[in-house]
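Have a look at start.json below; it lists JSON, C-alpha atoms.
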```
[["chain", "number", "residue", "atom", "x", "y", "z"],
["K", 1, "MET", "CA", 100.76, 121.60, 151.00],
["K", 2, "LYS", "CA", 103.96, 119.86, 150.20],
["K", 3, "GLN", "CA", 104.53, 119.04, 146.52],
["K", 4, "TRP", "CA", 104.72, 115.27, 147.15],
["K", 5, "LEU", "CA", 101.26, 115.37, 148.76],
["K", 6, "PHE", "CA", 99.88, 117.00, 145.62],
["K", 7, "MET", "CA", 101.52, 114.29, 143.51],
["K", 8, "ILE", "CA", 99.92, 111.55, 145.64],
["K", 9, "ASN", "CA", 96.59, 113.37, 145.38],
["K", 10, "TYR", "CA", 96.91, 113.60, 141.57],
["K", 11, "PHE", "CA", 97.55, 109.86, 141.44],
["K", 12, "ALA", "CA", 94.57, 109.15, 143.74],
["K", 13, "HIS", "CA", 92.28, 111.35, 141.61],
["K", 14, "ASP", "CA", 93.20, 109.50, 138.43],
["K", 15, "PHE", "CA", 93.17, 106.10, 140.16],
["K", 16, "PHE", "CA", 89.65, 106.53, 141.54],
["K", 17, "SER", "CA", 88.44, 107.82, 138.17],
["K", 18, "GLY", "CA", 89.70, 104.59, 136.63],
["K", 19, "PHE", "CA", 88.25, 102.54, 139.49],
["K", 20, "TRP", "CA", 84.85, 104.18, 138.99],
["K", 21, "LEU", "CA", 84.99, 103.26, 135.31],
["K", 22, "ALA", "CA", 86.01, 99.67, 136.13],
["K", 23, "CYS", "CA", 83.08, 99.33, 138.55],
["K", 24, "PHE", "CA", 80.70, 100.70, 135.95],
["K", 25, "ILE", "CA", 81.97, 98.23, 133.36],
["K", 26, "VAL", "CA", 81.55, 95.32, 135.80],
["K", 27, "LEU", "CA", 78.04, 96.52, 136.66],
["K", 28, "ALA", "CA", 77.14, 96.70, 132.97],
["K", 29, "ILE", "CA", 78.54, 93.24, 132.22],
["K", 30, "VAL", "CA", 76.90, 91.58, 135.24],
["K", 31, "TYR", "CA", 73.58, 93.28, 134.51],
["K", 32, "GLN", "CA", 73.68, 92.41, 130.81],
["K", 33, "GLN", "CA", 74.75, 88.79, 131.31],
["K", 34, "SER", "CA", 72.22, 88.08, 134.05],
["K", 35, "GLY", "CA", 69.11, 89.88, 132.89],
["K", 36, "LEU", "CA", 67.23, 91.29, 135.82],
["K", 37, "PRO", "CA", 68.98, 90.80, 139.19],
["K", 38, "GLY", "CA", 68.41, 87.34, 140.62],
["K", 39, "GLU", "CA", 66.65, 85.84, 137.60],
["K", 40, "ALA", "CA", 69.53, 84.04, 135.98],
["K", 41, "VAL", "CA", 71.22, 82.44, 138.98],
["K", 42, "ALA", "CA", 70.07, 79.42, 140.92],
["K", 43, "ASP", "CA", 70.49, 80.99, 144.35],
["K", 44, "GLY", "CA", 68.80, 84.19, 143.19],
["K", 45, "GLY", "CA", 71.02, 86.43, 145.31],
["K", 46, "LEU", "CA", 74.51, 86.34, 143.86],
["K", 47, "VAL", "CA", 73.87, 88.76, 141.02],
["K", 48, "THR", "CA", 71.99, 91.14, 143.29],
["K", 49, "ARG", "CA", 74.82, 91.09, 145.87],
["K", 50, "LEU", "CA", 77.42, 91.68, 143.13],
["K", 51, "LEU", "CA", 75.45, 94.58, 141.67],
["K", 52, "ILE", "CA", 75.05, 96.17, 145.11],
["K", 53, "MET", "CA", 78.73, 95.67, 146.02],
["K", 54, "PHE", "CA", 80.00, 97.23, 142.80],
["K", 55, "PHE", "CA", 77.48, 100.05, 143.05],
["K", 56, "TRP", "CA", 78.83, 100.99, 146.49],
["K", 57, "LEU", "CA", 82.43, 100.70, 145.29],
["K", 58, "GLN", "CA", 81.51, 102.95, 142.36],
["K", 59, "SER", "CA", 79.81, 105.46, 144.68],
["K", 60, "ILE", "CA", 82.76, 105.59, 147.08],
["K", 61, "SER", "CA", 85.06, 106.14, 144.09],
["K", 62, "LEU", "CA", 82.88, 109.02, 142.91],
["K", 63, "GLY", "CA", 83.13, 110.65, 146.33],
["K", 64, "LEU", "CA", 86.91, 110.23, 146.37],
["K", 65, "ILE", "CA", 87.14, 111.65, 142.83],
["K", 66, "ALA", "CA", 85.32, 114.77, 144.05],
["K", 67, "VAL", "CA", 87.49, 115.18, 147.16],
["K", 68, "THR", "CA", 90.79, 114.61, 145.37],
["K", 69, "GLY", "CA", 89.62, 116.83, 142.50],
["K", 70, "TYR", "CA", 88.97, 119.64, 144.95],
["K", 71, "LEU", "CA", 92.40, 119.17, 146.51],
["K", 72, "ARG", "CA", 93.88, 119.05, 143.02],
["K", 73, "SER", "CA", 92.32, 122.43, 142.25],
["K", 74, "LEU", "CA", 94.34, 123.99, 145.07],
["K", 75, "ASP", "CA", 97.60, 123.37, 143.23],
["K", 76, "ALA", "CA", 98.62, 125.63, 140.35],
["K", 77, "GLY", "CA", 101.72, 123.52, 139.75],
["K", 78, "ASP", "CA", 103.79, 124.60, 136.76],
["K", 79, "ARG", "CA", 100.79, 125.93, 134.85],
["K", 80, "ALA", "CA", 101.24, 129.54, 135.93],
["K", 81, "HIS", "CA", 102.67, 130.45, 132.51],
["K", 82, "LEU", "CA", 99.54, 129.23, 130.66],
["K", 83, "ASP", "CA", 96.66, 131.50, 129.71],
["K", 84, "ALA", "CA", 94.55, 131.30, 132.88],
["K", 85, "ARG", "CA", 91.30, 132.14, 131.10],
["K", 86, "LYS", "CA", 91.66, 129.38, 128.49],
["K", 87, "THR", "CA", 92.85, 126.87, 131.07],
["K", 88, "LYS", "CA", 89.89, 127.61, 133.33],
["K", 89, "GLN", "CA", 87.43, 127.42, 130.41],
["K", 90, "PHE", "CA", 88.88, 124.05, 129.34],
["K", 91, "LEU", "CA", 88.69, 122.66, 132.88],
["K", 92, "ILE", "CA", 85.08, 123.79, 133.28],
["K", 93, "ILE", "CA", 84.02, 122.14, 130.01],
["K", 94, "LYS", "CA", 86.01, 118.97, 130.75],
["K", 95, "HIS", "CA", 84.57, 118.60, 134.24],
["K", 96, "ALA", "CA", 81.02, 119.37, 133.09],
["K", 97, "VAL", "CA", 81.21, 116.61, 130.47],
["K", 98, "LEU", "CA", 82.86, 114.13, 132.84],
["K", 99, "GLY", "CA", 80.41, 115.10, 135.59],
["K", 100, "VAL", "CA", 77.47, 114.20, 133.36],
["K", 101, "PHE", "CA", 79.04, 110.79, 132.67],
["K", 102, "PHE", "CA", 79.92, 110.15, 136.33],
["K", 103, "ILE", "CA", 76.51, 111.18, 137.66],
["K", 104, "GLY", "CA", 74.60, 109.45, 134.86],
["K", 105, "GLY", "CA", 76.64, 106.27, 135.26],
["K", 106, "THR", "CA", 76.17, 106.27, 139.02],
["K", 107, "VAL", "CA", 72.41, 106.73, 138.66],
["K", 108, "LEU", "CA", 72.32, 103.90, 136.12],
["K", 109, "GLY", "CA", 74.42, 101.74, 138.48],
["K", 110, "TYR", "CA", 71.98, 102.52, 141.28],
["K", 111, "GLN", "CA", 69.04, 101.46, 139.12],
["K", 112, "TRP", "CA", 70.78, 98.20, 138.20],
["K", 113, "ALA", "CA", 71.80, 97.44, 141.78],
["K", 114, "MET", "CA", 68.56, 98.39, 143.50],
["K", 115, "GLY", "CA", 66.06, 97.75, 140.74]]
```

Using structure tokens, write down the structure that the file contains.
Amino acid sequence: MKQWLFMINYFAHDFFSGFWLACFIVLAIVYQQSGLPGEAVADGGLVTRLLIMFFWLQSISLGLIAVTGYLRSLDAGDRAHLDARKTKQFLIIKHAVLGVFFIGGTVLGYQWAMG
């Protein structure tokens, strides 16, 4: 791939990671401020619709994080001079920890939106 495509992909990967986090924060705030979905609002559906909308935005972001992360892994960039073993070990640990947060947060978002 061309270098500029990798740069756009790097930006997209980081952007969707931030967007996932923003959706999770909105889900948490809406859920906390409203109690159970539909209980705190007169029309009974606004909170539920908001929770569902942000859950799907969060889920789409998670999918795009995975796709752009895979594409990002195809580029060695200027890291060829680094110790490959340590770099790989760091990336595995980092992605395992972040993966737990992303999956756990998405499951929690699902429970809030559908529950």

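Across the model, the gap from atom CA of K:Gln58 to atom CA of K:Cys23 is 5.5 Å.
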
Legend entry - Pairwise distance for atom CA of K:Phe102 and atom CA of K:Met114, rounded to one decimal in Å: 17.9 Å

Inset, instruction - Mind giving me the straight-line distance from atom CA of K:Leu51 to atom CA of K:Val67 in Å, one decimal? - result: 24.5 Å

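Using all atoms listed in the file, the smallest distance between any of K:Leu98, K:Ile92, K:Leu108, K:Leu21 and K:Ser61 comes from K:Leu21.
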
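Distances here use all atoms listed in the file; by that measure, the residue among K:Ala96, K:Leu5, K:Ala12, K:Val107 closest to K:Gly69 is K:Ala12.
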
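Using only C-alpha atoms, the smallest distance between any of K:Ala84, K:Asp75, K:His95, K:Leu50 and K:Lys2 comes from K:Asp75.
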
Inset, instruction - Show which residues sit within 12 Å of K:Ala66, as a list in words. Count all atoms listed in the file, and ignore same-chain residues fewer than 2 positions away. - result: Asn9, Tyr10, Ala12, His13, Asp14, Phe16, Ser17, Trp20, Ser59, Ile60, Ser61, Leu62, Gly63, Leu64, Thr68, Gly69, Tyr70, Leu71, Arg72, Ser73, His95, Leu98, Gly99, Phe102 and Ile103 of chain K

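Nearest residue to K:Trp56 among K:Gly104, K:Gly109, K:Gly115, K:Gly18 is K:Gly109, counting all atoms listed in the file.
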
Legend entry - Among listed residues K:Leu27, K:Gln33, K:Thr87, K:Lys94, nearest K:Arg49 (using all atoms listed in the file): K:Leu27
